[in-house]
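Notes to accompany the following structure.
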Amino acid sequence: MSIHVDVDNLWILEDEYHVEDHCGYSFIYEDALPRFLALLAEFEFQATFFIVGRDLEIPACREFCRAAIAAGHQLGNHSYSHAVRFAKLSAVEKRNEIVGTHDSLVSLTGVLPIGFRAPGYYLDDDVVSALSERGYRYDSSVLPGCATGLMWWYQRIRTGKAPDKTFGRPRDFFASRRPTVMRHEIVEIPIATCPIIRMPVHSTFVYQFGLAYANIAFSILAREAGPHVYLFHAIDLLNYPANGPLARDVIPLRWPFQRREACVRSVFERFRRDFEVTTTERLYG
Ligand SMILES: [Zn+2]
């Protein structure tokens with residue numbers, strides 16, 4: 001089992017849900033991410049944090065990256081601007097999103113990232129070409145099965161209009177659940193999905209369907225050979241105000257903070273009991 005954390009700042013969600021009232025750029029770095037580091041240290045797990053390049057302009061983000069590296073974690077690339085319309089960008093724009101973050105990570109943290117996740121679970125040939133330019137070993141953007149369609153409909157209902165954001169591609173319903181070697185020997189390592197019913201196994205869906213759902217999913221995955229990728233988001237451990245503007249719509253934030261924190265701890269306990277936890281970088285670097 002590999003633990004991935006997408007470091008999506010609140011400004012990304014505030015843009016997606018058209019919230020005018022911004023919560024501050026450093027909040028997740030000062031509140032949520034130190035909790036992830038503390039919990040990972042307690043369980044002696046190492047994880048990969050996928051960084052949005054634009055946030056590297058924030059001192060708190062750079063400090064977090066240094067702390068994560070010092071604790072033995074890995075940094076991945078989560079595009080430069082987390083564009084809502086990433087899928088609609090030209091090949092050159094997608095390349096700039098990937099290369100821009102890569103070069104910032106190298107120059108500001110000294111880390112050479114080898115893994116990428118696109119915003120919106122999107123993968124195409126332009127992405128693979130850009131990744132090959134900087135010697136990437138893996139992509140982990142694809143979420144097989146019905147999940148991306150469910151997310152599109154969720155946002156459609158919550159915001160009252162068709163989302164600007166693209167969630168994966170229709171063909172991903174049939175995408176392989178296993179790692180697949182693509183062009184330039186880059187491996188696609190999809191986000192964990194249950195066999196047969198192809199329901200997603202990642203934190204947002206656990207908050208939607210409950211911990212019992214996660215426990216059934218982990219029991220199924222534990223019987224299969226890995227690697228599996230379990231995806232968290234930084235906000236999973238954010239002590240966000242219960243009456244904040246995102247608390248009604250963003251699935252993880254609909255749970256009170258203490259309940260979310262207990263849920264992440266419970267997932268970690270399950271990993272310790274039933275899986276060998278290692279980073280994707282160790283497996284594919
Ligand atoms: Zn993201």
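Ordering of the structure tokens sets the chain letters (A, B, ...); residue numbers start at 1 within each chain; ligands are numbered from 1 in the order shown.
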Against ligand 1, which residues of chain A fall within 7 Å? For each one I want the closest pair of atoms and the distance in Å (one decimal), counting only C-alpha atoms and all ligand atoms, rows by chain and increasing residue number, as a tab-separated table.
```
residue	atom	partner	partner_atom_place_in_ligand_line	distance
A:Asp6	CA	ligand 1	1 (Zn)	5.5
A:Val7	CA	ligand 1	1 (Zn)	6.7
A:Asp8	CA	ligand 1	1 (Zn)	4.9
A:His78	CA	ligand 1	1 (Zn)	6.6
A:His82	CA	ligand 1	1 (Zn)	6.5
A:Pro119	CA	ligand 1	1 (Zn)	4.9
A:Gly120	CA	ligand 1	1 (Zn)	6.9
```
Tell me, as an NGL selection string, which residues lie within 12 Å of Val267 of chain A, counting only C-alpha atoms; anything in the same chain fewer than 2 positions away does not count. :A and (1 or 3 or 39-40 or 43 or 201-203 or 206-207 or 210-219 or 230-232 or 260-265 or 269-275)
Could you please write out, as a ChimeraX atom specification, every residue of segment 24-248 of chain A that DSSP assigns to helix (DSSP H, G or I)? /A:27-43,53-57,59-70,86-88,91-109,119-121,125-133,147-159,170-174,183-185,203-209,211-221,234-237
Include C-alpha atoms and write out the residues we just selected as a compact mmCIF listing (two decimals), in the first residue's frame.
```
# COMPACT_ATOMS: atom_id res chain seq x y z
CA PHE A 27 -3.85 27.53 6.50
CA ILE A 28 -3.40 23.94 5.26
CA TYR A 29 0.38 24.15 5.70
CA GLU A 30 0.13 25.37 9.27
CA ASP A 31 -2.87 23.30 10.35
CA ALA A 32 -3.45 20.11 8.31
CA LEU A 33 -0.07 19.04 7.01
CA PRO A 34 1.84 19.05 10.34
CA ARG A 35 -0.89 16.63 11.54
CA PHE A 36 -0.19 14.34 8.58
CA LEU A 37 3.55 14.40 9.38
CA ALA A 38 2.90 13.65 13.06
CA LEU A 39 0.53 10.77 12.31
CA LEU A 40 2.85 9.28 9.68
CA ALA A 41 5.73 9.49 12.18
CA GLU A 42 3.64 7.80 14.87
CA PHE A 43 2.89 4.87 12.53
CA GLY A 53 3.79 24.39 -8.03
CA ARG A 54 2.15 27.78 -7.47
CA ASP A 55 2.12 27.13 -3.71
CA LEU A 56 5.91 26.92 -3.68
CA GLU A 57 5.76 30.74 -3.74
CA PRO A 59 7.03 30.26 2.50
CA ALA A 60 4.85 27.88 4.56
CA CYS A 61 4.70 25.46 1.60
CA ARG A 62 8.48 25.47 1.22
CA GLU A 63 8.88 24.90 4.96
CA PHE A 64 6.45 21.99 4.79
CA CYS A 65 8.39 20.45 1.86
CA ARG A 66 11.63 20.66 3.83
CA ALA A 67 10.02 19.07 6.90
CA ALA A 68 8.52 16.27 4.77
CA ILE A 69 11.85 15.50 3.10
CA ALA A 70 13.66 15.54 6.45
CA PHE A 86 -6.54 20.95 -17.12
CA ALA A 87 -7.98 18.47 -19.61
CA LYS A 88 -8.77 21.27 -22.06
CA ALA A 91 -0.13 20.28 -25.19
CA VAL A 92 2.18 23.24 -24.56
CA GLU A 93 0.12 24.46 -21.60
CA LYS A 94 0.04 20.98 -20.05
CA ARG A 95 3.79 20.72 -20.52
CA ASN A 96 4.30 24.10 -18.81
CA GLU A 97 2.12 22.98 -15.88
CA ILE A 98 4.25 19.86 -15.41
CA VAL A 99 7.69 21.25 -16.18
CA GLY A 100 7.04 24.48 -14.20
CA THR A 101 6.32 22.57 -10.99
CA HIS A 102 9.11 20.11 -11.62
CA ASP A 103 11.72 22.83 -12.05
CA SER A 104 10.44 24.74 -8.98
CA LEU A 105 10.56 21.59 -6.85
CA VAL A 106 14.11 20.87 -7.98
CA SER A 107 15.37 24.41 -7.42
CA LEU A 108 13.50 25.16 -4.18
CA THR A 109 13.61 21.79 -2.42
CA PRO A 119 -5.89 17.67 -11.41
CA GLY A 120 -9.19 15.95 -12.14
CA TYR A 121 -7.80 12.39 -12.55
CA ASP A 125 -0.48 11.48 -24.44
CA ASP A 126 0.48 15.15 -23.93
CA VAL A 127 0.95 14.46 -20.22
CA VAL A 128 3.05 11.35 -20.87
CA SER A 129 5.27 13.25 -23.34
CA ALA A 130 5.84 16.09 -20.85
CA LEU A 131 6.63 13.59 -18.07
CA SER A 132 9.18 11.83 -20.27
CA GLU A 133 10.95 15.16 -20.86
CA ALA A 147 -15.88 7.39 -9.49
CA THR A 148 -15.11 10.28 -11.83
CA GLY A 149 -18.65 10.22 -13.20
CA LEU A 150 -20.04 10.29 -9.67
CA MET A 151 -17.83 13.27 -8.83
CA TRP A 152 -19.04 15.18 -11.90
CA TRP A 153 -22.67 14.61 -10.95
CA TYR A 154 -22.01 15.52 -7.31
CA GLN A 155 -20.54 18.87 -8.30
CA ARG A 156 -23.30 19.40 -10.88
CA ILE A 157 -25.97 18.97 -8.18
CA ARG A 158 -24.11 20.99 -5.51
CA THR A 159 -23.26 24.00 -7.65
CA PRO A 170 -15.24 8.17 -20.08
CA ARG A 171 -12.91 5.35 -21.12
CA ASP A 172 -11.48 5.26 -17.57
CA PHE A 173 -14.56 3.30 -16.57
CA PHE A 174 -12.78 0.33 -18.16
CA ARG A 183 5.23 5.10 -23.63
CA HIS A 184 8.76 6.06 -22.51
CA GLU A 185 8.48 3.26 -19.90
CA SER A 203 -10.56 9.09 1.24
CA THR A 204 -13.26 11.30 -0.31
CA PHE A 205 -15.44 8.24 -0.94
CA VAL A 206 -14.85 6.99 2.57
CA TYR A 207 -16.28 10.30 3.89
CA GLN A 208 -19.21 9.89 1.51
CA PHE A 209 -20.01 6.24 2.24
CA LEU A 211 -15.84 3.80 7.45
CA ALA A 212 -17.71 0.50 7.00
CA TYR A 213 -17.36 0.99 3.23
CA ALA A 214 -13.59 1.50 3.67
CA ASN A 215 -13.25 -1.59 5.82
CA ILE A 216 -15.02 -3.80 3.27
CA ALA A 217 -12.85 -2.32 0.50
CA PHE A 218 -9.62 -2.88 2.46
CA SER A 219 -10.61 -6.49 3.18
CA ILE A 220 -10.98 -7.07 -0.57
CA LEU A 221 -7.75 -5.23 -1.48
CA ALA A 234 -4.52 17.75 2.73
CA ILE A 235 -7.97 18.94 3.88
CA ASP A 236 -8.67 15.49 5.36
CA LEU A 237 -6.83 16.69 8.49
```
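Residues in contact with Pro256 of chain A at 9 Å, where only C-alpha atoms are counted and same-chain residues fewer than 3 positions away are skipped, are listed as Asn239, Tyr240, Pro241, Ala242, Pro252, Leu253, Arg259, Arg260 and Glu261 of chain A.
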For Asp249 of chain A, the nearest of the candidates A:Ile197, A:Ile58, A:Gly160, A:Ser26, counting only C-alpha atoms: A:Gly160
Taking the chain letters and numbering used in this document, name the residues of segment 120-229 of chain A that DSSP puts in strand (DSSP E), as a VMD selection string. chain A and resid 138 to 139 180 to 181 187 to 188 229
Since we have the selection now, will you write its residues out, keeping N, CA, C and O atoms, as a PDB file, in the first residue's frame?
```pdb
ATOM      1  N   TYR A 138       6.613   7.514 -13.036  1.00  0.00           N
ATOM      2  CA  TYR A 138       5.224   7.075 -12.934  1.00  0.00           C
ATOM      3  C   TYR A 138       4.248   8.251 -12.940  1.00  0.00           C
ATOM      4  O   TYR A 138       4.603   9.388 -12.626  1.00  0.00           O
ATOM      5  N   ASP A 139       3.011   7.906 -13.342  1.00  0.00           N
ATOM      6  CA  ASP A 139       1.860   8.807 -13.225  1.00  0.00           C
ATOM      7  C   ASP A 139       0.836   8.055 -12.381  1.00  0.00           C
ATOM      8  O   ASP A 139       0.756   6.824 -12.442  1.00  0.00           O
ATOM      9  N   THR A 180       0.342  -0.183 -15.341  1.00  0.00           N
ATOM     10  CA  THR A 180       0.473  -0.422 -16.776  1.00  0.00           C
ATOM     11  C   THR A 180       1.638   0.401 -17.306  1.00  0.00           C
ATOM     12  O   THR A 180       1.717   1.599 -17.039  1.00  0.00           O
ATOM     13  N   VAL A 181       2.513  -0.255 -18.062  1.00  0.00           N
ATOM     14  CA  VAL A 181       3.648   0.470 -18.640  1.00  0.00           C
ATOM     15  C   VAL A 181       3.173   1.189 -19.890  1.00  0.00           C
ATOM     16  O   VAL A 181       2.578   0.584 -20.790  1.00  0.00           O
ATOM     17  N   VAL A 187       5.164   4.331 -15.922  1.00  0.00           N
ATOM     18  CA  VAL A 187       4.141   3.402 -15.440  1.00  0.00           C
ATOM     19  C   VAL A 187       2.922   4.187 -14.944  1.00  0.00           C
ATOM     20  O   VAL A 187       3.076   5.148 -14.186  1.00  0.00           O
ATOM     21  N   GLU A 188       1.747   3.802 -15.400  1.00  0.00           N
ATOM     22  CA  GLU A 188       0.514   4.352 -14.823  1.00  0.00           C
ATOM     23  C   GLU A 188       0.125   3.478 -13.633  1.00  0.00           C
ATOM     24  O   GLU A 188      -0.074   2.269 -13.781  1.00  0.00           O
ATOM     25  N   VAL A 229      -2.635   2.188  -4.379  1.00  0.00           N
ATOM     26  CA  VAL A 229      -2.400   3.607  -4.020  1.00  0.00           C
ATOM     27  C   VAL A 229      -3.647   4.120  -3.311  1.00  0.00           C
ATOM     28  O   VAL A 229      -4.748   4.099  -3.881  1.00  0.00           O
TER      29      VAL A 229
END
```
May I ask which of the residues A:Asp21, A:Glu44, A:Glu16, A:Glu281 is the closest one to Ala162 of chain A, counting only C-alpha atoms? A:Glu16
